[in-house]
file start-v8.txt (compact mmCIF, C-alpha atoms)
# COMPACT_ATOMS: atom_id res chain seq x y z
CA MET S 1 -41.71 20.09 2.10
CA VAL S 2 -39.01 17.78 3.39
CA LYS S 3 -40.46 17.69 6.91
CA SER S 4 -43.74 16.33 5.59
CA VAL S 5 -41.93 13.22 4.46
CA PHE S 6 -41.23 12.40 8.12
CA PHE S 7 -44.91 11.68 8.82
CA PHE S 8 -45.71 8.32 7.36
CA SER S 9 -49.41 8.60 6.79
CA LYS S 10 -50.88 7.54 3.45
CA THR S 11 -51.07 11.21 2.45
CA SER S 12 -47.38 11.87 3.15
CA ILE S 13 -46.26 8.73 1.28
CA LEU S 14 -48.36 9.78 -1.72
CA PHE S 15 -46.92 13.29 -1.43
CA PHE S 16 -43.35 11.89 -1.41
CA ASN S 17 -43.96 9.76 -4.51
CA VAL S 18 -45.52 12.68 -6.41
CA ILE S 19 -42.80 15.22 -5.61
CA TYR S 20 -39.74 12.97 -6.18
CA PRO S 21 -38.88 11.30 -9.53
CA ALA S 22 -39.42 7.58 -9.95
CA LYS S 23 -35.77 6.65 -9.45
CA TYR S 24 -35.89 8.10 -5.91
CA GLN S 25 -39.17 6.48 -4.90
CA ILE S 26 -39.11 3.92 -2.10
CA ASP S 27 -41.76 1.34 -1.45
CA PHE S 28 -42.38 2.07 2.24
CA THR S 29 -44.52 -1.04 2.59
CA ASN S 30 -41.50 -3.22 1.80
CA MET S 31 -39.35 -2.11 4.74
CA GLY S 32 -37.86 -5.00 6.64
CA LEU S 33 -34.75 -6.80 7.84
CA SER S 34 -31.46 -7.51 6.09
CA ILE S 35 -28.35 -9.36 7.22
CA THR S 36 -24.93 -8.51 5.81
CA GLN S 37 -21.64 -10.27 6.59
CA ALA S 38 -18.58 -8.45 7.94
CA GLY S 39 -15.65 -9.11 10.26
CA ALA S 40 -13.80 -7.60 13.21
CA LEU S 41 -10.11 -7.80 14.01
CA TYR S 42 -9.07 -9.66 17.16
CA GLY S 43 -5.30 -9.59 17.60
CA VAL S 44 -3.84 -10.79 14.29
CA ASN S 45 -6.98 -12.79 13.52
CA ALA S 46 -10.57 -11.89 12.68
CA LEU S 47 -14.05 -12.75 13.93
CA GLU S 48 -17.25 -13.03 11.91
CA ILE S 49 -19.68 -10.13 12.47
CA LYS S 50 -23.27 -10.16 11.26
CA VAL S 51 -24.63 -6.69 10.48
CA GLU S 52 -28.39 -6.77 10.93
CA VAL S 53 -30.37 -3.78 9.64
CA ASN S 54 -34.04 -3.37 10.55
CA ILE S 55 -36.20 -0.55 9.15
CA SER S 56 -39.60 0.02 10.75
CA THR S 57 -42.22 2.71 11.13
CA GLY S 58 -41.64 5.24 13.85
CA GLU S 59 -39.74 8.42 14.54
CA PRO S 60 -36.95 8.76 11.94
CA ARG S 61 -33.91 7.87 14.05
CA TYR S 62 -30.69 5.95 13.42
CA PHE S 63 -29.42 3.55 16.08
CA VAL S 64 -26.28 1.39 16.08
CA VAL S 65 -26.14 -1.26 18.81
CA GLY S 66 -23.63 -3.99 19.59
CA LEU S 67 -20.80 -2.03 21.31
CA PRO S 68 -19.82 0.27 18.41
CA ASP S 69 -17.11 2.88 18.85
CA ASN S 70 -17.42 6.49 17.66
CA ALA S 71 -16.05 5.70 14.20
CA VAL S 72 -18.87 3.20 13.65
CA LYS S 73 -21.53 5.62 14.95
CA GLU S 74 -20.26 8.49 12.81
CA GLY S 75 -20.67 6.25 9.78
CA GLN S 76 -24.32 7.35 9.61
CA HIS S 77 -23.33 10.68 8.07
CA ARG S 78 -20.88 9.13 5.60
CA ILE S 79 -23.47 6.52 4.57
CA GLU S 80 -26.30 9.03 4.13
CA SER S 81 -24.14 11.41 2.07
CA ALA S 82 -22.80 8.57 -0.11
CA LEU S 83 -26.30 7.26 -0.81
CA ARG S 84 -27.78 10.68 -1.60
CA ASN S 85 -24.86 11.72 -3.81
CA ASN S 86 -25.43 8.62 -5.94
CA GLY S 87 -29.17 8.90 -6.46
CA TYR S 88 -30.35 6.71 -3.58
CA GLN S 89 -32.27 7.56 -0.43
CA MET S 90 -31.66 7.11 3.27
CA PRO S 91 -35.08 5.95 4.56
CA ARG S 92 -36.69 8.50 6.89
CA GLN S 93 -37.86 5.85 9.32
CA LYS S 94 -36.53 4.14 12.39
CA ILE S 95 -33.30 2.34 11.43
CA VAL S 96 -31.68 -0.06 13.88
CA VAL S 97 -28.28 -1.55 13.04
CA ASN S 98 -27.15 -4.46 15.21
CA LEU S 99 -23.56 -5.69 15.11
CA ALA S 100 -23.61 -9.27 16.35
CA PRO S 101 -22.23 -10.72 18.57
CA ALA S 102 -23.28 -7.73 20.65
CA ASP S 103 -20.81 -8.28 23.52
CA PHE S 104 -17.68 -7.71 21.41
CA LYS S 105 -16.31 -4.18 20.87
CA LYS S 106 -16.62 -3.03 17.22
CA GLU S 107 -14.03 -0.49 16.06
CA GLY S 108 -13.20 1.38 12.90
CA SER S 109 -14.87 2.84 9.84
CA HIS S 110 -14.73 -0.30 7.69
CA TYR S 111 -18.39 -1.15 8.47
CA ASP S 112 -19.64 1.80 6.34
CA LEU S 113 -20.09 -0.20 3.14
CA THR S 114 -21.58 -3.17 5.00
CA ILE S 115 -24.23 -1.02 6.69
CA ALA S 116 -24.97 0.96 3.50
CA ILE S 117 -25.69 -2.23 1.54
CA GLY S 118 -27.78 -3.55 4.44
CA ILE S 119 -29.89 -0.36 4.40
CA MET S 120 -30.33 -0.60 0.62
CA VAL S 121 -31.58 -4.18 0.89
CA ALA S 122 -33.80 -3.59 3.93
CA SER S 123 -35.42 -0.56 2.24
CA GLY S 124 -36.12 -2.47 -0.98
CA GLN S 125 -33.79 -0.32 -3.10
CA LEU S 126 -31.49 -3.29 -3.75
CA PRO S 127 -33.26 -6.62 -4.34
CA ALA S 128 -30.24 -8.83 -3.85
CA ASN S 129 -29.08 -11.88 -1.94
CA ILE S 130 -26.05 -10.61 -0.07
CA GLU S 131 -25.54 -13.38 2.49
CA GLN S 132 -22.97 -15.18 0.32
CA PHE S 133 -20.54 -12.23 0.45
CA MET S 134 -18.45 -10.58 3.14
CA ILE S 135 -18.62 -6.84 2.40
CA MET S 136 -16.35 -4.24 4.02
CA GLY S 137 -15.03 -0.77 3.24
CA GLU S 138 -14.91 2.84 4.41
CA LEU S 139 -17.10 5.26 2.44
CA SER S 140 -16.25 8.77 1.36
CA LEU S 141 -19.03 11.33 1.08
CA ASP S 142 -19.14 10.88 -2.70
CA GLY S 143 -19.39 7.08 -2.44
CA SER S 144 -15.78 6.24 -3.26
CA LEU S 145 -14.08 3.64 -1.08
CA ARG S 146 -11.04 4.03 1.14
CA PRO S 147 -8.72 1.14 2.12
CA ILE S 148 -9.22 -0.77 5.37
CA LYS S 149 -6.93 -2.45 7.89
CA GLY S 150 -6.60 -6.20 8.28
CA ALA S 151 -7.82 -7.31 4.84
CA LEU S 152 -5.74 -10.51 4.97
CA PRO S 153 -7.07 -11.91 8.30
CA LEU S 154 -10.58 -10.83 7.27
CA ALA S 155 -10.22 -12.80 4.02
CA VAL S 156 -9.01 -15.84 5.99
CA GLU S 157 -12.13 -15.59 8.17
CA ALA S 158 -14.38 -15.24 5.10
CA ARG S 159 -13.00 -18.45 3.59
CA LYS S 160 -13.21 -20.22 6.95
CA ASN S 161 -16.93 -19.42 7.18
CA GLY S 162 -17.63 -20.61 3.63
CA TYR S 163 -18.49 -17.28 1.97
CA GLN S 164 -18.44 -17.28 -1.80
CA GLY S 165 -16.69 -13.94 -2.11
CA PHE S 166 -15.23 -10.91 -0.37
CA ILE S 167 -16.07 -7.38 -1.60
CA LEU S 168 -13.64 -4.72 -0.37
CA PRO S 169 -11.74 -1.61 -1.57
CA ALA S 170 -9.55 -2.17 -4.63
CA GLU S 171 -6.40 -1.07 -2.76
CA ASN S 172 -6.78 -4.08 -0.44
CA ALA S 173 -7.73 -6.60 -3.12
CA ARG S 174 -4.26 -8.03 -3.82
CA GLU S 175 -3.63 -8.48 -0.10
CA ALA S 176 -6.89 -10.41 0.39
CA ALA S 177 -6.42 -12.41 -2.83
CA ILE S 178 -3.52 -14.29 -1.24
CA VAL S 179 -6.20 -16.49 0.34
CA ASP S 180 -7.12 -19.25 -2.10
CA LYS S 181 -10.62 -20.69 -2.68
CA LEU S 182 -12.16 -17.24 -2.14
CA LEU S 183 -13.36 -14.82 -4.84
CA VAL S 184 -12.02 -11.37 -4.01
CA TYR S 185 -13.67 -8.39 -5.71
CA GLY S 186 -11.84 -5.08 -5.47
CA VAL S 187 -14.12 -2.07 -5.99
CA THR S 188 -13.56 1.67 -6.00
CA HIS S 189 -17.09 3.04 -5.58
CA LEU S 190 -20.42 2.31 -3.92
CA ARG S 191 -22.15 2.27 -7.33
CA GLU S 192 -19.95 -0.63 -8.44
CA VAL S 193 -21.03 -2.71 -5.45
CA ILE S 194 -24.73 -1.97 -5.98
CA ASP S 195 -24.56 -2.69 -9.72
CA PHE S 196 -22.63 -5.91 -9.09
CA LEU S 197 -25.06 -7.20 -6.47
CA SER S 198 -28.06 -6.29 -8.62
CA GLY S 199 -26.59 -8.12 -11.63
CA LYS S 200 -25.99 -5.01 -13.77
CA LEU S 201 -22.18 -5.24 -13.65
CA GLU S 202 -19.69 -8.07 -14.01
CA LEU S 203 -16.63 -7.85 -11.77
CA THR S 204 -13.46 -9.83 -12.39
CA PRO S 205 -12.07 -11.42 -9.22
CA THR S 206 -8.55 -10.35 -8.27
CA GLN S 207 -6.10 -13.21 -8.54
CA VAL S 208 -2.64 -13.45 -7.00
CA ASN S 209 -0.21 -16.33 -7.41
CA THR S 210 1.06 -16.52 -3.86
CA ARG S 211 4.26 -18.39 -4.66
CA ASP S 212 5.16 -16.08 -7.56
CA GLU S 213 4.50 -13.11 -5.29
CA PHE S 214 6.64 -14.68 -2.57
CA TYR S 215 9.66 -15.36 -4.77
CA GLU S 216 9.52 -12.00 -6.58
CA ASN S 217 12.33 -9.71 -5.40
CA LEU S 218 13.06 -12.14 -2.58
CA HIS S 219 16.63 -10.84 -2.08
CA ALA S 220 16.07 -7.22 -3.13
CA PHE S 221 17.63 -4.97 -0.47
CA PRO S 222 18.66 -1.30 -0.60
CA PHE S 223 21.81 -2.06 1.43
CA ASP S 224 24.68 -4.52 1.14
CA PHE S 225 27.57 -5.54 3.40
CA ALA S 226 29.93 -4.83 0.52
CA ASP S 227 29.33 -1.12 1.21
CA VAL S 228 31.13 -1.39 4.57
CA LYS S 229 34.88 -0.79 4.45
CA GLY S 230 36.94 -2.36 7.22
CA GLN S 231 35.27 -3.59 10.44
CA HIS S 232 35.90 -7.23 9.48
CA ASN S 233 35.66 -8.44 13.08
CA ILE S 234 32.26 -6.71 13.52
CA LYS S 235 30.99 -8.28 10.28
CA ARG S 236 32.09 -11.67 11.58
CA ALA S 237 30.25 -11.07 14.87
CA LEU S 238 27.03 -10.15 13.03
CA GLU S 239 27.40 -13.22 10.83
CA ILE S 240 27.56 -15.41 13.95
CA ALA S 241 24.58 -13.56 15.43
CA ALA S 242 22.56 -14.09 12.22
CA ALA S 243 23.43 -17.79 12.09
CA GLY S 244 22.36 -18.43 15.68
CA GLY S 245 19.56 -15.88 16.00
CA HIS S 246 21.47 -14.17 18.81
CA ASN S 247 20.66 -10.75 20.23
CA VAL S 248 23.62 -8.40 19.92
CA ILE S 249 24.69 -5.01 21.27
CA LEU S 250 27.28 -2.83 19.51
CA ILE S 251 29.27 -0.56 21.84
CA GLY S 252 31.43 2.16 20.34
CA PRO S 253 31.96 5.90 19.80
CA PRO S 254 29.95 8.04 17.36
CA GLY S 255 30.89 7.51 13.72
CA ALA S 256 32.23 3.98 14.20
CA GLY S 257 29.59 2.52 11.88
CA LYS S 258 27.22 0.87 14.39
CA THR S 259 24.00 1.97 12.66
CA MET S 260 25.41 1.27 9.20
CA LEU S 261 26.25 -2.30 10.18
CA ALA S 262 22.93 -2.89 11.96
CA ARG S 263 20.87 -1.75 8.95
CA ARG S 264 22.62 -4.35 6.80
CA LEU S 265 21.92 -7.24 9.15
CA PRO S 266 18.57 -8.26 7.51
CA THR S 267 20.41 -8.73 4.19
CA ILE S 268 22.36 -11.72 5.59
CA LEU S 269 19.51 -13.40 7.49
CA PRO S 270 18.01 -16.58 6.00
CA PRO S 271 15.04 -15.83 3.68
CA LEU S 272 11.53 -15.94 5.11
CA THR S 273 9.58 -19.13 4.62
CA LEU S 274 6.12 -18.78 3.05
CA HIS S 275 4.50 -19.42 6.44
CA GLU S 276 6.62 -16.70 8.06
CA ALA S 277 5.83 -14.30 5.21
CA LEU S 278 2.07 -14.82 5.69
CA GLU S 279 2.39 -14.39 9.45
CA THR S 280 4.41 -11.19 9.06
CA THR S 281 1.98 -9.82 6.46
CA LYS S 282 -0.98 -10.38 8.80
CA ILE S 283 0.63 -8.32 11.55
CA HIS S 284 1.45 -5.42 9.23
CA SER S 285 -2.04 -5.65 7.72
CA VAL S 286 -3.73 -5.39 11.12
CA ALA S 287 -1.52 -2.40 12.02
CA GLY S 288 -2.28 -0.69 8.71
CA LYS S 289 1.41 -0.66 7.78
CA LEU S 290 1.08 -2.63 4.54
CA ALA S 291 1.82 -0.62 1.39
CA SER S 292 -1.08 0.11 -0.95
CA ASN S 293 -1.75 -2.63 -3.56
CA SER S 294 0.90 -4.88 -2.02
CA ALA S 295 0.15 -8.54 -1.47
CA LEU S 296 2.88 -10.16 0.59
CA ILE S 297 5.91 -9.16 2.68
CA ASN S 298 8.71 -11.44 1.50
CA THR S 299 11.74 -9.81 3.19
CA ARG S 300 12.51 -9.76 6.89
CA PRO S 301 11.27 -6.54 8.53
CA PHE S 302 13.66 -4.03 10.09
CA ARG S 303 12.18 -1.71 12.71
CA ALA S 304 14.16 1.13 14.30
CA PRO S 305 11.93 3.15 16.70
CA HIS S 306 13.11 6.47 18.12
CA HIS S 307 14.30 6.48 21.74
CA THR S 308 11.32 8.68 22.79
CA ILE S 309 8.91 5.79 22.11
CA SER S 310 6.43 4.83 24.85
CA ASP S 311 6.15 1.36 26.33
CA VAL S 312 2.70 0.87 24.75
CA ALA S 313 4.00 1.80 21.30
CA LEU S 314 6.91 -0.61 21.72
CA VAL S 315 5.12 -3.73 23.00
CA GLY S 316 1.59 -2.99 21.79
CA GLY S 317 -1.70 -2.27 23.52
CA GLY S 318 -3.68 0.93 24.04
CA ASN S 319 -7.41 1.48 24.46
CA HIS S 320 -7.92 -0.27 21.14
CA PRO S 321 -5.10 -2.87 21.24
CA GLN S 322 -2.69 -2.63 18.34
CA PRO S 323 0.58 -4.47 17.66
CA GLY S 324 3.69 -2.60 18.78
CA GLU S 325 7.14 -2.29 17.27
CA ILE S 326 8.29 -5.64 18.67
CA SER S 327 5.44 -7.39 16.84
CA LEU S 328 6.04 -5.41 13.64
CA ALA S 329 9.63 -6.72 13.86
CA HIS S 330 8.35 -10.33 14.10
CA ASN S 331 10.59 -12.66 12.03
CA GLY S 332 12.97 -9.74 11.55
CA VAL S 333 15.22 -7.27 13.35
CA LEU S 334 14.39 -4.70 16.05
CA PHE S 335 17.14 -2.07 16.20
CA LEU S 336 17.36 0.17 19.26
CA ASP S 337 19.86 2.92 18.55
CA GLU S 338 21.36 4.72 21.57
CA LEU S 339 19.96 2.14 24.00
CA PRO S 340 20.63 4.07 27.26
CA GLU S 341 18.51 6.96 25.96
CA PHE S 342 15.35 4.81 26.01
CA LYS S 343 13.23 5.13 29.15
CA ARG S 344 13.99 2.37 31.62
CA THR S 345 10.32 1.34 31.82
CA VAL S 346 10.27 0.91 28.03
CA LEU S 347 13.28 -1.39 28.07
CA GLU S 348 12.04 -3.47 31.01
CA VAL S 349 8.74 -4.38 29.32
CA MET S 350 10.75 -6.16 26.61
CA ARG S 351 12.23 -8.73 28.98
CA GLN S 352 9.30 -11.16 28.89
CA PRO S 353 8.62 -10.92 25.11
CA ILE S 354 12.32 -11.61 24.40
CA GLU S 355 12.03 -14.84 26.37
CA GLU S 356 8.57 -16.01 25.28
CA ARG S 357 8.60 -14.74 21.68
CA ARG S 358 5.10 -13.33 22.08
CA VAL S 359 3.35 -10.55 23.98
CA THR S 360 -0.05 -10.77 25.65
CA ILE S 361 -2.17 -7.63 26.05
CA SER S 362 -4.76 -8.16 28.78
CA ARG S 363 -7.77 -5.93 29.35
CA ALA S 364 -10.87 -6.29 31.52
CA LYS S 365 -13.02 -7.63 28.67
CA MET S 366 -10.47 -9.16 26.34
CA SER S 367 -6.97 -10.59 26.05
CA VAL S 368 -5.03 -10.30 22.79
CA GLU S 369 -1.81 -12.12 21.91
CA TYR S 370 0.66 -10.87 19.30
CA PRO S 371 3.70 -12.81 18.07
CA ALA S 372 7.04 -11.15 18.81
CA SER S 373 9.87 -13.41 17.65
CA PHE S 374 12.50 -10.86 16.72
CA MET S 375 16.26 -10.46 16.78
CA LEU S 376 17.27 -7.56 19.03
CA VAL S 377 20.17 -5.41 17.86
CA ALA S 378 21.13 -2.45 20.06
CA SER S 379 23.84 0.16 19.91
CA MET S 380 25.24 2.53 22.52
CA ASN S 381 28.14 4.82 23.29
CA PRO S 382 30.60 3.64 25.97
CA CYS S 383 30.08 6.86 27.97
CA PRO S 384 28.04 10.10 27.86
CA CYS S 385 30.61 11.95 25.75
CA GLY S 386 31.05 8.88 23.55
CA TYR S 387 34.85 8.72 23.44
CA TYR S 388 35.79 6.34 26.26
CA ASN S 389 38.45 3.93 24.89
CA HIS S 390 38.66 5.91 21.64
CA PRO S 391 42.09 5.40 20.01
CA GLU S 392 42.51 9.11 19.15
CA LYS S 393 40.06 11.28 21.11
CA GLU S 394 40.15 11.70 24.87
CA CYS S 395 37.15 10.97 27.10
CA VAL S 396 36.14 13.89 29.32
CA CYS S 397 33.74 11.93 31.58
CA VAL S 398 34.54 11.29 35.24
CA PRO S 399 34.36 7.63 36.36
CA GLY S 400 31.15 8.07 38.37
CA VAL S 401 29.33 9.54 35.38
CA ILE S 402 30.39 6.63 33.17
CA GLN S 403 29.09 4.07 35.66
CA LYS S 404 25.81 5.95 36.05
CA TYR S 405 25.41 6.01 32.27
CA LEU S 406 26.00 2.26 31.95
CA ASN S 407 23.58 1.54 34.82
CA LYS S 408 20.69 2.90 32.75
CA ILE S 409 20.48 -0.59 31.26
CA SER S 410 19.47 -3.24 33.76
CA GLY S 411 21.41 -6.44 34.30
CA PRO S 412 18.46 -8.74 33.43
CA LEU S 413 18.08 -7.05 30.04
CA LEU S 414 21.82 -7.28 29.31
CA ASP S 415 21.69 -10.99 30.24
CA ARG S 416 19.24 -11.49 27.39
CA ILE S 417 21.71 -10.01 24.88
CA ASP S 418 24.12 -12.78 23.92
CA LEU S 419 26.85 -10.89 22.06
CA HIS S 420 28.43 -7.68 23.36
CA VAL S 421 30.65 -6.33 20.58
CA GLU S 422 33.07 -3.43 20.90
CA VAL S 423 33.15 -1.31 17.76
CA THR S 424 36.21 0.88 17.18
CA PRO S 425 36.30 3.55 14.46
CA VAL S 426 38.32 3.03 11.30
CA ASN S 427 40.52 6.02 10.46
CA PHE S 428 40.94 7.44 6.98
CA GLU S 429 44.34 5.84 6.34
CA GLN S 430 42.99 2.37 7.13
CA LEU S 431 39.94 2.91 4.93
CA THR S 432 41.98 3.96 1.93
CA ALA S 433 44.61 1.24 2.50
CA ASP S 434 42.01 -1.55 2.79
CA THR S 435 41.96 -3.20 -0.64
CA ASN S 436 39.91 -6.13 0.61
CA GLU S 437 36.32 -5.04 0.02
CA GLY S 438 34.94 -8.05 1.87
CA ASP S 439 32.14 -10.40 0.97
CA ASN S 440 28.78 -9.09 -0.18
CA SER S 441 25.52 -9.89 1.59
CA SER S 442 24.63 -12.75 -0.75
CA THR S 443 27.87 -14.59 0.01
CA ILE S 444 27.55 -14.07 3.76
CA ARG S 445 23.88 -15.17 3.66
CA THR S 446 24.92 -18.45 2.03
CA ARG S 447 27.32 -19.13 4.90
CA VAL S 448 24.66 -18.18 7.46
CA ILE S 449 22.16 -20.61 5.94

call {"tool": "encode", "arguments": {"input": "start-v8.txt", "output": "structure tokens"}}
result
Amino acid sequence: MVKSVFFFSKTSILFFNVIYPAKYQIDFTNMGLSITQAGALYGVNALEIKVEVNISTGEPRYFVVGLPDNAVKEGQHRIESALRNNGYQMPRQKIVVNLAPADFKKEGSHYDLTIAIGIMVASGQLPANIEQFMIMGELSLDGSLRPIKGALPLAVEARKNGYQGFILPAENAREAAIVDKLLVYGVTHLREVIDFLSGKLELTPTQVNTRDEFYENLHAFPFDFADVKGQHNIKRALEIAAAGGHNVILIGPPGAGKTMLARRLPTILPPLTLHEALETTKIHSVAGKLASNSALINTRPFRAPHHTISDVALVGGGNHPQPGEISLAHNGVLFLDELPEFKRTVLEVMRQPIEERRVTISRAKMSVEYPASFMLVASMNPCPCGYYNHPEKECVCVPGVIQKYLNKISGPLLDRIDLHVEVTPVNFEQLTADTNEGDNSSTIRTRVI
């Protein structure tokens, strides 16, 4: 019975309309073309993408053209299941989806909702004018929507191109609503989008006061310099580094407090400006690192990758270029614990970004630039055993081994680290005798500013 629907003679169309209830019937004479608006990520920015859907008579096939990746192609099955599970039909005709401009690689599953709405309009199931909206979202098989990456730069592009509104998953709505003069509609299901576009449902635009969001919990940190007992000279060195934006390396034995001090460095850095906060949020949005329902990053990021990280993961890139750890640390701190344990090739690729404050990923068909203005903080042991120059424990390393260990870090990289600070451990007697707790992070931050 189903196969007979594939033959689009007058008899088969009549047979389809008789067998299926009225709500499933499709006017096959009204098949045509629809154009839906979407966007693609390019670095930390976005480009406008027009999703053209054409339905015509012919063998029932589904084609996606315009350099789609596998995630875009596989969207056919998600779209068909979502439509069927909500009482709509996937037309059994020739469907061609064109993602324009056709010479730019399209990646990701966030075109599902755009294509689904385009098919609904082209098949006459949704008589709506959709050209005034940018529509994006990943569909589940039941029609519910999953969050997407890069909602903030996509919203910026939507406003730039004069769209009236942006329809996207509810979990990304607050992030996109940072952009003013753009109506942002957060939805949770395909049915909501269809009912809204057909005029059956009123949606309230998501609104975010950017400045209130920026100043909320501006100085909320889980750590404070008041937690650190002793090490007053190291605190002073980090205060100088924070004031001048200097890179710093902490050299000392295990247990001296190097990591503890480094993790508290962001708490004494000057607060982000609104422009820096927006820039940082865009990078984390593109990388998919932004927390659900969050709108704006208003504290300086702190990134501490493991020493087994690859050079691509650190500086960015890959087959589908993504920002690396140095870009995720933009306007914040990149902490490399146990610096000599990192692969030499990984450390050497940082030399140019440290100087230029940006990283350029070049491929045959595209070149992407990511900002990378970060403060580098590194820590290391003075020798392989860790106890060279320790006041109480004896080093068991021979001189040649110590030199070989230190040579793992190249001279050009060390030249880019301004402050080399020796960290000595504080023994128990000194800790208990130290009645001076030291300044807290708020007091030090005031001096830094």

call {"tool": "closest_residue", "arguments": {"input": "start-v8.txt", "among": "S:Ser379, S:Asn319, S:Gln76, S:Asn45", "to": "S:Ala262", "atoms": "only C-alpha atoms"}}
result
S:Ser379

call {"tool": "closest_residue", "arguments": {"input": "start-v8.txt", "among": "S:Asn70, S:Asn54, S:Gln207, S:Asn331", "to": "S:Val96", "atoms": "all atoms listed in the file"}}
result
S:Asn54

call {"tool": "residues_around", "arguments": {"input": "start-v8.txt", "residues": "stretch 127-142 of chain S", "least_positions_apart": "3", "cutoff": "9 Å", "atoms": "only C-alpha atoms", "output": "PDB file with C-alpha atoms, in the coordinates of the input"}}
result
ATOM      1  CA  SER S  34     -31.460  -7.510   6.090  1.00  0.00           C
ATOM      2  CA  ILE S  35     -28.350  -9.360   7.220  1.00  0.00           C
ATOM      3  CA  THR S  36     -24.930  -8.510   5.810  1.00  0.00           C
ATOM      4  CA  GLN S  37     -21.640 -10.270   6.590  1.00  0.00           C
ATOM      5  CA  ALA S  38     -18.580  -8.450   7.940  1.00  0.00           C
ATOM      6  CA  GLY S  39     -15.650  -9.110  10.260  1.00  0.00           C
ATOM      7  CA  GLY S  75     -20.670   6.250   9.780  1.00  0.00           C
ATOM      8  CA  HIS S  77     -23.330  10.680   8.070  1.00  0.00           C
ATOM      9  CA  ARG S  78     -20.880   9.130   5.600  1.00  0.00           C
ATOM     10  CA  ILE S  79     -23.470   6.520   4.570  1.00  0.00           C
ATOM     11  CA  GLU S  80     -26.300   9.030   4.130  1.00  0.00           C
ATOM     12  CA  SER S  81     -24.140  11.410   2.070  1.00  0.00           C
ATOM     13  CA  ALA S  82     -22.800   8.570  -0.110  1.00  0.00           C
ATOM     14  CA  LEU S  83     -26.300   7.260  -0.810  1.00  0.00           C
ATOM     15  CA  ARG S  84     -27.780  10.680  -1.600  1.00  0.00           C
ATOM     16  CA  ASN S  85     -24.860  11.720  -3.810  1.00  0.00           C
ATOM     17  CA  ASN S  86     -25.430   8.620  -5.940  1.00  0.00           C
ATOM     18  CA  GLY S 108     -13.200   1.380  12.900  1.00  0.00           C
ATOM     19  CA  SER S 109     -14.870   2.840   9.840  1.00  0.00           C
ATOM     20  CA  HIS S 110     -14.730  -0.300   7.690  1.00  0.00           C
ATOM     21  CA  TYR S 111     -18.390  -1.150   8.470  1.00  0.00           C
ATOM     22  CA  ASP S 112     -19.640   1.800   6.340  1.00  0.00           C
ATOM     23  CA  LEU S 113     -20.090  -0.200   3.140  1.00  0.00           C
ATOM     24  CA  THR S 114     -21.580  -3.170   5.000  1.00  0.00           C
ATOM     25  CA  ILE S 115     -24.230  -1.020   6.690  1.00  0.00           C
ATOM     26  CA  ILE S 117     -25.690  -2.230   1.540  1.00  0.00           C
ATOM     27  CA  GLY S 118     -27.780  -3.550   4.440  1.00  0.00           C
ATOM     28  CA  MET S 120     -30.330  -0.600   0.620  1.00  0.00           C
ATOM     29  CA  VAL S 121     -31.580  -4.180   0.890  1.00  0.00           C
ATOM     30  CA  ALA S 122     -33.800  -3.590   3.930  1.00  0.00           C
ATOM     31  CA  GLY S 124     -36.120  -2.470  -0.980  1.00  0.00           C
ATOM     32  CA  LEU S 145     -14.080   3.640  -1.080  1.00  0.00           C
ATOM     33  CA  ARG S 146     -11.040   4.030   1.140  1.00  0.00           C
ATOM     34  CA  PRO S 147      -8.720   1.140   2.120  1.00  0.00           C
ATOM     35  CA  ILE S 148      -9.220  -0.770   5.370  1.00  0.00           C
ATOM     36  CA  LEU S 154     -10.580 -10.830   7.270  1.00  0.00           C
ATOM     37  CA  ALA S 155     -10.220 -12.800   4.020  1.00  0.00           C
ATOM     38  CA  ALA S 158     -14.380 -15.240   5.100  1.00  0.00           C
ATOM     39  CA  GLY S 162     -17.630 -20.610   3.630  1.00  0.00           C
ATOM     40  CA  TYR S 163     -18.490 -17.280   1.970  1.00  0.00           C
ATOM     41  CA  GLN S 164     -18.440 -17.280  -1.800  1.00  0.00           C
ATOM     42  CA  GLY S 165     -16.690 -13.940  -2.110  1.00  0.00           C
ATOM     43  CA  PHE S 166     -15.230 -10.910  -0.370  1.00  0.00           C
ATOM     44  CA  ILE S 167     -16.070  -7.380  -1.600  1.00  0.00           C
ATOM     45  CA  LEU S 168     -13.640  -4.720  -0.370  1.00  0.00           C
ATOM     46  CA  PRO S 169     -11.740  -1.610  -1.570  1.00  0.00           C
ATOM     47  CA  HIS S 189     -17.090   3.040  -5.580  1.00  0.00           C
ATOM     48  CA  LEU S 190     -20.420   2.310  -3.920  1.00  0.00           C
ATOM     49  CA  LEU S 197     -25.060  -7.200  -6.470  1.00  0.00           C
ATOM     50  CA  SER S 198     -28.060  -6.290  -8.620  1.00  0.00           C
ATOM     51  CA  GLY S 199     -26.590  -8.120 -11.630  1.00  0.00           C
TER      52      GLY S 199
END

call {"tool": "closest_residue", "arguments": {"input": "start-v8.txt", "among": "S:Asn293, S:Ser327, S:Thr281, S:Asn298", "to": "S:Gly186", "atoms": "only C-alpha atoms"}}
result
S:Asn293

call {"tool": "residues_around", "arguments": {"input": "start-v8.txt", "residues": "S:Thr424", "least_positions_apart": "3", "cutoff": "12 Å", "atoms": "all atoms listed in the file", "output": "list in words"}}
result
Gly230, Gln231, His232, Asn233, Ile234, Leu250, Ile251, Gly252, Pro253, Pro254, Gly255, Ala256, Gly257, Lys258, Asn381, Pro382, Gly386, Tyr387, Tyr388, Asn389, His390, Pro391, Glu392, Lys393, Val421 and Asn427 of chain S

call {"tool": "residues_around", "arguments": {"input": "start-v8.txt", "residues": "S:Glu356", "least_positions_apart": "2", "cutoff": "10 Å", "atoms": "all atoms listed in the file", "output": "PyMOL selection string"}}
result
chain S and resi 351-354+358-359+371-373
